[in-house]
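Below: the structure, in structure tokens.
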Amino acid sequence: MNKKFQKIKIVLIFLILFSFSIISISSIAKSGPLDQIYELTPNLVIDYDRSLLQVPIIPFDEARSIPVKVKLQLLGPAVDIVLGKTGGNIDLIVDMSIANIPEGCQASVTPPILLIELPGQNIVVEVNATISITINQYIPAESQKNIAVRMSSRRVGGSTTLIKPGNFTQDIPFIVGYFSQLSFNYIDGNVRNISPDETADFNFEIQNWGNGATKVISEVVDLPDGWLTEIVHSTILGSELVGSTSGKLISLRVKPPVDFGYHEDRAVIKISMTPISIENPDYRGEPHYLYFIVQSKGFFTPGFDIVILLFAFIFVLIPIWKRKNRTKENKDLRRKL
């Protein structure tokens, strides 16, 4: 009897253990899909005014600051249920950084860490940040560059474990602006002493060190009355950044007043050289000013050689004419006698 009772006891224990194992296995099998249903995935996007970066960023200029909004929203099939159960006590940290910075550029984002408090409802939450971009090298004008903003979200300690961490990257494109830089070299100086009947000729070199092909407009902005100048109105210069000729020789001619008489005139001629972008004529640099000094000293007698020739002709002709008249008079007198 005891042996029979022990057998029944063993069978019952086995059935109980088997039942528990089946329940455990089924609960484990079902727990995975249930957790996936309640898991939430953050979605991060940067929004900003695109027109702020449609204006090109000029090299060596102040940093271009772009206000941005970092928008976060939780995604998942049961997002409303999870947020409702938490009562809106979910905090996330978003780490901000800049990746893929182009050569010759600098970029930063502030603040580098954002704390985002999520409410108990499924809405888009916005947090303010600022992206700054500077260009500190010669980069070809009108070229487009990109920086990448990296965003990594993580849970604050104590928050629900149902929110997965997220990693996002967003490109921010911008355009390199036109930067003008000219240099000048007076080949044979900028001072001349001439006589009133001479012309002062100046030659100077102009070099484009900017980041784009440039048209230089030459204008005489200060010239005394009676003086005349001659200079080419526009000069096209390439850029070494794109492998084109960036220097040229410019000539300036100055003619002093030509009134009759003695002259002791002095003039300071002021020339403006204004660089303008070939790619976009709306972009121009500040004008450069060159100064040339000419002193005209001496007599100016227009037609003086003709006058001398006329007087010489008169002095030669009159004696001959008088001699002929005297010879004729003598002949007439002899006939009368």
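Residues are named by chain letter and number: chains run A, B, ... in the order of the structure tokens, numbers start at 1 in each chain, and ligands are numbered from 1 in the order shown.
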
Non-local contacts of Ile206 (chain A) (6 Å; only C-alpha atoms; under 2 positions in same chain excluded) as an mmCIF file with C-alpha atoms, in the first residue's frame:
data_model
loop_
_atom_site.group_PDB
_atom_site.id
_atom_site.type_symbol
_atom_site.label_atom_id
_atom_site.label_comp_id
_atom_site.auth_asym_id
_atom_site.auth_seq_id
_atom_site.Cartn_x
_atom_site.Cartn_y
_atom_site.Cartn_z
ATOM 1 C CA SER A 183 47.373 93.491 -53.824
ATOM 2 C CA PHE A 184 49.164 96.174 -55.854
ATOM 3 C CA GLY A 247 47.697 88.783 -61.942
ATOM 4 C CA LYS A 248 47.891 91.469 -64.634
#

Check: Neighbours of Pro256 (chain A) within 8 Å (only C-alpha atoms; same-chain residues fewer than 5 positions away dropped), as number ranges by chain?
Finding: A: 196-199, 226-228, 265, 296

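The two atoms in question, CA of Tyr262 (chain A) and CA of Gly189 (chain A), are spaced 26.5 Å apart.
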
Hey, which bits of region 170-257 of chain A sit within 8 Å of region 39-62 of chain A, and for each residue what's the closest pair of atoms and how far apart in Å (one decimal), counting only C-alpha atoms, rows by chain and increasing number, as a tab-separated table?
residue	atom	partner	partner_atom	distance
A:Gln170	CA	A:Ile46	CA	7.3
A:Pro173	CA	A:Leu53	CA	7.5
A:Phe174	CA	A:Leu53	CA	5.5
A:Ile175	CA	A:Pro56	CA	4.7
A:Val176	CA	A:Ile57	CA	5.1
A:Gly177	CA	A:Ile58	CA	4.3
A:Tyr178	CA	A:Ile58	CA	6.0
A:Phe179	CA	A:Ile58	CA	6.1

Dump C-alpha atoms for the selected residues as an mmCIF file, in the first residue's frame?
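File produced: result-v5.cif:
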data_model
loop_
_atom_site.group_PDB
_atom_site.id
_atom_site.type_symbol
_atom_site.label_atom_id
_atom_site.label_comp_id
_atom_site.auth_asym_id
_atom_site.auth_seq_id
_atom_site.Cartn_x
_atom_site.Cartn_y
_atom_site.Cartn_z
ATOM 1 C CA GLN A 170 21.198 65.386 -40.183
ATOM 2 C CA PRO A 173 24.183 72.539 -46.259
ATOM 3 C CA PHE A 174 25.667 76.006 -46.752
ATOM 4 C CA ILE A 175 27.296 78.055 -49.542
ATOM 5 C CA VAL A 176 30.770 79.616 -49.469
ATOM 6 C CA GLY A 177 30.653 83.362 -50.144
ATOM 7 C CA TYR A 178 32.901 85.586 -52.261
ATOM 8 C CA PHE A 179 35.975 86.930 -50.489
#

Check: Any idea what the distance is between CA of Arg266 (chain A) and CA of Asn193 (chain A)?
Finding: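 Taking CA of Arg266 (chain A) and CA of Asn193 (chain A), their separation equals 9.1 Å.
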
Margin query: Using only C-alpha atoms, which protein or nucleic acid residues come within 12 Å of Ser180 (chain A)? Drop anything in the same chain fewer than 2 positions from it, and give the result as a PyMOL selection string.
Written below: chain A and resi 58-61+138-141+177-178+182-183+207-216+237-239+273-278+283-288

Item checked: Selection near Thr229 (chain A), 7 Å with only C-alpha atoms, sequence-local residues under 2 positions removed, as a list in words -> Trp227, Ile231, Arg253, Val254 and Lys255 of chain A

Residues as selected, all heavy atoms, written as a PDB file, in the first residue's frame, can you do that?
ATOM      1  N   TRP A 227      43.668 118.469 -66.172  1.00  0.00           N
ATOM      2  CA  TRP A 227      44.488 117.266 -66.303  1.00  0.00           C
ATOM      3  C   TRP A 227      43.673 116.175 -66.994  1.00  0.00           C
ATOM      4  O   TRP A 227      42.446 116.085 -66.829  1.00  0.00           O
ATOM      5  CB  TRP A 227      44.953 116.771 -64.936  1.00  0.00           C
ATOM      6  CG  TRP A 227      45.946 117.673 -64.276  1.00  0.00           C
ATOM      7  CD1 TRP A 227      45.702 118.885 -63.697  1.00  0.00           C
ATOM      8  CD2 TRP A 227      47.340 117.435 -64.135  1.00  0.00           C
ATOM      9  NE1 TRP A 227      46.851 119.427 -63.194  1.00  0.00           N
ATOM     10  CE2 TRP A 227      47.884 118.555 -63.449  1.00  0.00           C
ATOM     11  CE3 TRP A 227      48.200 116.408 -64.513  1.00  0.00           C
ATOM     12  CZ2 TRP A 227      49.238 118.664 -63.139  1.00  0.00           C
ATOM     13  CZ3 TRP A 227      49.538 116.500 -64.201  1.00  0.00           C
ATOM     14  CH2 TRP A 227      50.048 117.617 -63.526  1.00  0.00           C
ATOM     15  N   ILE A 231      43.099 105.116 -68.478  1.00  0.00           N
ATOM     16  CA  ILE A 231      43.303 103.837 -67.794  1.00  0.00           C
ATOM     17  C   ILE A 231      42.199 102.884 -68.228  1.00  0.00           C
ATOM     18  O   ILE A 231      41.073 103.309 -68.538  1.00  0.00           O
ATOM     19  CB  ILE A 231      43.304 104.010 -66.255  1.00  0.00           C
ATOM     20  CG1 ILE A 231      43.747 102.706 -65.570  1.00  0.00           C
ATOM     21  CG2 ILE A 231      41.946 104.443 -65.738  1.00  0.00           C
ATOM     22  CD1 ILE A 231      43.973 102.843 -64.076  1.00  0.00           C
ATOM     23  N   ARG A 253      48.052 106.658 -67.848  1.00  0.00           N
ATOM     24  CA  ARG A 253      48.685 107.790 -68.518  1.00  0.00           C
ATOM     25  C   ARG A 253      48.074 109.079 -67.987  1.00  0.00           C
ATOM     26  O   ARG A 253      46.854 109.195 -67.847  1.00  0.00           O
ATOM     27  CB  ARG A 253      48.496 107.723 -70.032  1.00  0.00           C
ATOM     28  CG  ARG A 253      48.972 106.432 -70.667  1.00  0.00           C
ATOM     29  CD  ARG A 253      49.163 106.583 -72.150  1.00  0.00           C
ATOM     30  NE  ARG A 253      50.371 107.383 -72.425  1.00  0.00           N
ATOM     31  CZ  ARG A 253      50.714 107.775 -73.649  1.00  0.00           C
ATOM     32  NH1 ARG A 253      49.929 107.525 -74.676  1.00  0.00           N
ATOM     33  NH2 ARG A 253      51.822 108.461 -73.837  1.00  0.00           N
ATOM     34  N   VAL A 254      48.950 110.040 -67.691  1.00  0.00           N
ATOM     35  CA  VAL A 254      48.507 111.322 -67.146  1.00  0.00           C
ATOM     36  C   VAL A 254      49.075 112.451 -68.003  1.00  0.00           C
ATOM     37  O   VAL A 254      50.291 112.495 -68.262  1.00  0.00           O
ATOM     38  CB  VAL A 254      48.956 111.490 -65.676  1.00  0.00           C
ATOM     39  CG1 VAL A 254      48.477 112.830 -65.132  1.00  0.00           C
ATOM     40  CG2 VAL A 254      48.433 110.339 -64.827  1.00  0.00           C
ATOM     41  N   LYS A 255      48.184 113.347 -68.428  1.00  0.00           N
ATOM     42  CA  LYS A 255      48.588 114.483 -69.260  1.00  0.00           C
ATOM     43  C   LYS A 255      48.298 115.769 -68.499  1.00  0.00           C
ATOM     44  O   LYS A 255      47.181 116.003 -68.055  1.00  0.00           O
ATOM     45  CB  LYS A 255      47.800 114.471 -70.579  1.00  0.00           C
ATOM     46  CG  LYS A 255      48.200 115.565 -71.559  1.00  0.00           C
ATOM     47  CD  LYS A 255      49.577 115.314 -72.144  1.00  0.00           C
ATOM     48  CE  LYS A 255      49.933 116.361 -73.189  1.00  0.00           C
ATOM     49  NZ  LYS A 255      51.318 116.191 -73.683  1.00  0.00           N
TER      50      LYS A 255
END

Notebook entry, point to check: Tell me, which residues of region 161-308 of chain A carry DSSP strand (DSSP E), written as a PyMOL selection string?
Noted result: chain A and resi 166-175+182-186+191-194+200-208+214-222+228-231+234-237+247-255+261-277+288-300

Next item on the list: Select from region 60-271 of chain A everything DSSP, run on the backbone, classes as helix (DSSP H, G or I), then give the selection as a PyMOL selection string.
Entry: chain A and resi 79-86+240-242

Next item on the list: Using CA of Leu290 (chain A) and CA of Pro257 (chain A) as the two end points, give the distance in Å to one decimal.
Entry: 21.6 Å

Item checked: Counting only C-alpha atoms, the option among A:Gln121, A:Gln73, A:Asn128, A:Thr110 closest to Ser153 (chain A) -> A:Gln73

Item checked: Residue with smallest distance to Ile133 (chain A) - pool A:Ile271, A:Gly120, A:Pro102, A:Ile113, counting only C-alpha atoms ->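 For Ile133 (chain A), the nearest of the candidates is A:Pro102.
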
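With distances restricted to only C-alpha atoms, A:Val68 is the closest residue to Ala129 (chain A) from A:Val68, A:Val221, A:Leu249, A:Ala99.
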